[in-house]
Amino acid sequence: MRMRKKPNLGVRMERCTRVLISDPEEWKGKWRELMPQARELRLELGCGKGVSTAAMVKDNPTINYVAVDITCNVLGDTRRNIEKAFDGEPVKNVMIARYDISYIEKVFAPEDRVERIYINFCDPWPKSNQKKRRLTHGNFLKKYRQVLAEGGQIHFKTDNDKLFEWSLEEIPQFGFALSEVTRDLHADGPVGVMTDYERKFYGEGKSINRCVATMVEWTEPEIEDVPSPAE
């Protein structure tokens, strides 16, 4: 669904400048420099309006966060929610960037050493010919491996049961060990930081799926050459 352009978007984006990275590719290999004293660097893919981002950033001042979304319309809301959480205090441990996650390897390098990647309620791309666009597809997982630190993790949440079951089969094939697998995260009441969508789904009584994928040693299988019919 196409998102309508919000009024005064230019003004809203100007207000983001304290936390907004205008050209994220320039920071490849240098993200640690933004907060050298941080004990971890964490990356949120598809931050949306930044409701959960704001809570995580506020609760973890010694961790540096980078929140990425492809839709510029929501970044004003992201900034507003983050600054609201800090209630006028300086925001020092998060940067937001507009970028297409498909090219994430152009923004993050191995030396950036990301300890954790969050993927929350991404587009399920339900058709079989769309599976390569799913953020838990092997093509993306191989890119995450390039930027994750040794033993780094992916924290994945979705309300889409089919995407979740598919991901549980896909993820281990690319060098990740699954843990904390649940198909009803909030069965006994709210757990952890909720995204905007998550609160909505929880209020509707919808189950939330979640898992953690920890990167382990893995060697990509070699693809055997298949002789052409002419041969």
# chains A, B, ... in the order shown; residues from 1 in each chain; ligands from 1

call {"tool": "residues_around", "arguments": {"residues": "range 134-148 of chain A", "least_positions_apart": "5", "cutoff": "9 Å", "atoms": "only C-alpha atoms", "output": "PyMOL selection string"}}
result
chain A and resi 45+101-105+108-117+119+122-126+153-154+156+163+166-167+170-171+173-176+215

call {"tool": "select_by_dssp", "arguments": {"residues": "range 47-132 of chain A", "states": "strand (DSSP E)", "output": "mmCIF file with N, CA, C and O atoms, in the first residue's frame"}}
result
data_model
loop_
_atom_site.group_PDB
_atom_site.id
_atom_site.type_symbol
_atom_site.label_atom_id
_atom_site.label_comp_id
_atom_site.auth_asym_id
_atom_site.auth_seq_id
_atom_site.Cartn_x
_atom_site.Cartn_y
_atom_site.Cartn_z
ATOM 1 N N ILE A 63 24.318 1.286 24.940
ATOM 2 C CA ILE A 63 24.275 0.593 23.655
ATOM 3 C C ILE A 63 23.958 1.603 22.566
ATOM 4 O O ILE A 63 23.085 2.452 22.730
ATOM 5 N N ASN A 64 24.676 1.528 21.458
ATOM 6 C CA ASN A 64 24.439 2.427 20.334
ATOM 7 C C ASN A 64 23.525 1.740 19.320
ATOM 8 O O ASN A 64 23.732 0.572 18.976
ATOM 9 N N TYR A 65 22.527 2.457 18.839
ATOM 10 C CA TYR A 65 21.544 1.914 17.909
ATOM 11 C C TYR A 65 21.583 2.661 16.584
ATOM 12 O O TYR A 65 21.768 3.881 16.541
ATOM 13 N N VAL A 66 21.366 1.907 15.526
ATOM 14 C CA VAL A 66 21.139 2.494 14.207
ATOM 15 C C VAL A 66 19.808 1.935 13.716
ATOM 16 O O VAL A 66 19.632 0.721 13.622
ATOM 17 N N ALA A 67 18.868 2.823 13.440
ATOM 18 C CA ALA A 67 17.534 2.425 12.992
ATOM 19 C C ALA A 67 17.373 2.808 11.524
ATOM 20 O O ALA A 67 17.563 3.965 11.155
ATOM 21 N N VAL A 68 17.019 1.828 10.702
ATOM 22 C CA VAL A 68 16.955 2.034 9.250
ATOM 23 C C VAL A 68 15.539 1.792 8.745
ATOM 24 O O VAL A 68 14.873 0.839 9.160
ATOM 25 N N ASP A 69 15.087 2.649 7.844
ATOM 26 C CA ASP A 69 13.811 2.440 7.166
ATOM 27 C C ASP A 69 13.898 3.052 5.776
ATOM 28 O O ASP A 69 14.591 4.062 5.582
ATOM 29 N N VAL A 94 21.627 6.906 19.401
ATOM 30 C CA VAL A 94 20.866 6.371 18.273
ATOM 31 C C VAL A 94 21.008 7.296 17.072
ATOM 32 O O VAL A 94 21.087 8.518 17.214
ATOM 33 N N MET A 95 21.077 6.681 15.911
ATOM 34 C CA MET A 95 21.027 7.419 14.654
ATOM 35 C C MET A 95 20.014 6.717 13.766
ATOM 36 O O MET A 95 19.876 5.490 13.806
ATOM 37 N N ILE A 96 19.287 7.492 12.970
ATOM 38 C CA ILE A 96 18.324 6.913 12.047
ATOM 39 C C ILE A 96 18.758 7.227 10.617
ATOM 40 O O ILE A 96 19.370 8.262 10.358
ATOM 41 N N ALA A 97 18.443 6.314 9.724
ATOM 42 C CA ALA A 97 18.883 6.476 8.343
ATOM 43 C C ALA A 97 17.835 5.939 7.390
ATOM 44 O O ALA A 97 17.206 4.910 7.655
ATOM 45 N N ARG A 98 17.642 6.638 6.274
ATOM 46 C CA ARG A 98 16.764 6.160 5.211
ATOM 47 C C ARG A 98 17.613 5.374 4.223
ATOM 48 O O ARG A 98 18.559 5.907 3.640
ATOM 49 N N VAL A 114 28.336 -5.464 14.323
ATOM 50 C CA VAL A 114 26.986 -5.329 14.880
ATOM 51 C C VAL A 114 26.680 -6.549 15.737
ATOM 52 O O VAL A 114 26.776 -7.687 15.277
ATOM 53 N N GLU A 115 26.326 -6.319 17.000
ATOM 54 C CA GLU A 115 26.047 -7.445 17.903
ATOM 55 C C GLU A 115 24.641 -7.991 17.756
ATOM 56 O O GLU A 115 24.384 -9.164 18.025
ATOM 57 N N ARG A 116 23.711 -7.139 17.324
ATOM 58 C CA ARG A 116 22.320 -7.596 17.245
ATOM 59 C C ARG A 116 21.581 -6.875 16.128
ATOM 60 O O ARG A 116 21.749 -5.673 15.939
ATOM 61 N N ILE A 117 20.763 -7.637 15.407
ATOM 62 C CA ILE A 117 19.890 -7.093 14.375
ATOM 63 C C ILE A 117 18.448 -7.387 14.756
ATOM 64 O O ILE A 117 18.107 -8.525 15.102
ATOM 65 N N TYR A 118 17.612 -6.362 14.701
ATOM 66 C CA TYR A 118 16.177 -6.531 14.964
ATOM 67 C C TYR A 118 15.413 -6.498 13.643
ATOM 68 O O TYR A 118 15.611 -5.599 12.818
ATOM 69 N N ILE A 119 14.555 -7.488 13.453
ATOM 70 C CA ILE A 119 13.639 -7.500 12.314
ATOM 71 C C ILE A 119 12.239 -7.685 12.882
ATOM 72 O O ILE A 119 11.876 -8.769 13.340
ATOM 73 N N ASN A 120 11.470 -6.627 12.895
ATOM 74 C CA ASN A 120 10.148 -6.653 13.521
ATOM 75 C C ASN A 120 9.037 -6.394 12.513
ATOM 76 O O ASN A 120 8.983 -5.343 11.890
#

call {"tool": "closest_residue", "arguments": {"among": "A:Glu83, A:Gly88, A:Asn93, A:Met56", "to": "Arg39 in chain A", "atoms": "only C-alpha atoms"}}
result
A:Asn93

call {"tool": "select_by_dssp", "arguments": {"residues": "range 81-208 of chain A", "states": "alpha helix (DSSP H)", "output": "PyMOL selection string"}}
result
chain A and resi 81-86+138-147+161-170+196-203

call {"tool": "write_last_selection", "arguments": {"atoms": "C-alpha atoms", "output": "PDB file, in the first residue's frame"}}
result
ATOM      1  CA  ASN A  81       9.084   9.380  19.346  1.00  0.00           C
ATOM      2  CA  ILE A  82      12.756   9.106  20.273  1.00  0.00           C
ATOM      3  CA  GLU A  83      13.020  12.692  21.491  1.00  0.00           C
ATOM      4  CA  LYS A  84       9.719  12.362  23.347  1.00  0.00           C
ATOM      5  CA  ALA A  85      11.098   9.344  25.203  1.00  0.00           C
ATOM      6  CA  PHE A  86      14.095  11.424  26.308  1.00  0.00           C
ATOM      7  CA  GLY A 138      18.969 -16.685   2.593  1.00  0.00           C
ATOM      8  CA  ASN A 139      20.201 -13.851   0.388  1.00  0.00           C
ATOM      9  CA  PHE A 140      19.603 -11.400   3.237  1.00  0.00           C
ATOM     10  CA  LEU A 141      20.935 -13.785   5.868  1.00  0.00           C
ATOM     11  CA  LYS A 142      24.253 -13.995   4.016  1.00  0.00           C
ATOM     12  CA  LYS A 143      24.435 -10.198   4.052  1.00  0.00           C
ATOM     13  CA  TYR A 144      23.732 -10.101   7.789  1.00  0.00           C
ATOM     14  CA  ARG A 145      26.602 -12.524   8.328  1.00  0.00           C
ATOM     15  CA  GLN A 146      28.939  -9.959   6.756  1.00  0.00           C
ATOM     16  CA  VAL A 147      28.194  -7.347   9.433  1.00  0.00           C
ATOM     17  CA  ASP A 161       2.362 -17.437  10.931  1.00  0.00           C
ATOM     18  CA  LYS A 162       3.285 -18.632   7.442  1.00  0.00           C
ATOM     19  CA  LEU A 163       6.279 -16.304   7.242  1.00  0.00           C
ATOM     20  CA  PHE A 164       7.425 -17.455  10.668  1.00  0.00           C
ATOM     21  CA  GLU A 165       7.234 -21.172   9.871  1.00  0.00           C
ATOM     22  CA  TRP A 166       8.998 -20.592   6.570  1.00  0.00           C
ATOM     23  CA  SER A 167      11.706 -18.566   8.343  1.00  0.00           C
ATOM     24  CA  LEU A 168      12.267 -21.313  10.926  1.00  0.00           C
ATOM     25  CA  GLU A 169      13.261 -23.599   8.071  1.00  0.00           C
ATOM     26  CA  GLU A 170      15.229 -20.994   6.126  1.00  0.00           C
ATOM     27  CA  ASP A 196       3.371   0.043  17.321  1.00  0.00           C
ATOM     28  CA  TYR A 197       2.036  -2.831  15.216  1.00  0.00           C
ATOM     29  CA  GLU A 198       2.650  -5.285  18.031  1.00  0.00           C
ATOM     30  CA  ARG A 199       0.522  -3.333  20.483  1.00  0.00           C
ATOM     31  CA  LYS A 200      -2.244  -3.193  17.910  1.00  0.00           C
ATOM     32  CA  PHE A 201      -2.096  -6.930  17.194  1.00  0.00           C
ATOM     33  CA  TYR A 202      -1.899  -7.777  20.891  1.00  0.00           C
ATOM     34  CA  GLY A 203      -4.965  -5.637  21.552  1.00  0.00           C
TER      35      GLY A 203
END

call {"tool": "closest_residue", "arguments": {"among": "A:Leu178, A:Leu43, A:Ala187, A:Val107", "to": "Ser207 in chain A", "atoms": "only C-alpha atoms"}}
result
A:Ala187

call {"tool": "closest_residue", "arguments": {"among": "A:Pro61, A:Thr53, A:Lys127, A:Tyr99", "to": "Glu25 in chain A", "atoms": "only C-alpha atoms"}}
result
A:Tyr99

call {"tool": "residues_around", "arguments": {"residues": "Thr195 in chain A", "least_positions_apart": "6", "cutoff": "8 Å", "atoms": "only C-alpha atoms", "output": "list in words"}}
result
Gly50, Val51, Ser52 and Asn120 of chain A

call {"tool": "closest_residue", "arguments": {"among": "A:Asp87, A:Pro190, A:Ser128, A:Lys106", "to": "Glu26 in chain A", "atoms": "only C-alpha atoms"}}
result
A:Lys106

call {"tool": "atom_distance", "arguments": {"atom1": "CA of Thr182 in chain A", "atom2": "CA of Asp100 in chain A"}}
result
28.8 Å

call {"tool": "atom_distance", "arguments": {"atom1": "CA of Ala213 in chain A", "atom2": "CA of Ser179 in chain A"}}
result
6.4 Å

call {"tool": "atom_distance", "arguments": {"atom1": "CA of Gly76 in chain A", "atom2": "CA of Asp23 in chain A"}}
result
16.5 Å

call {"tool": "closest_residue", "arguments": {"among": "A:Ile70, A:Leu75, A:Cys47, A:Ala38", "to": "Leu20 in chain A", "atoms": "only C-alpha atoms"}}
result
A:Leu75
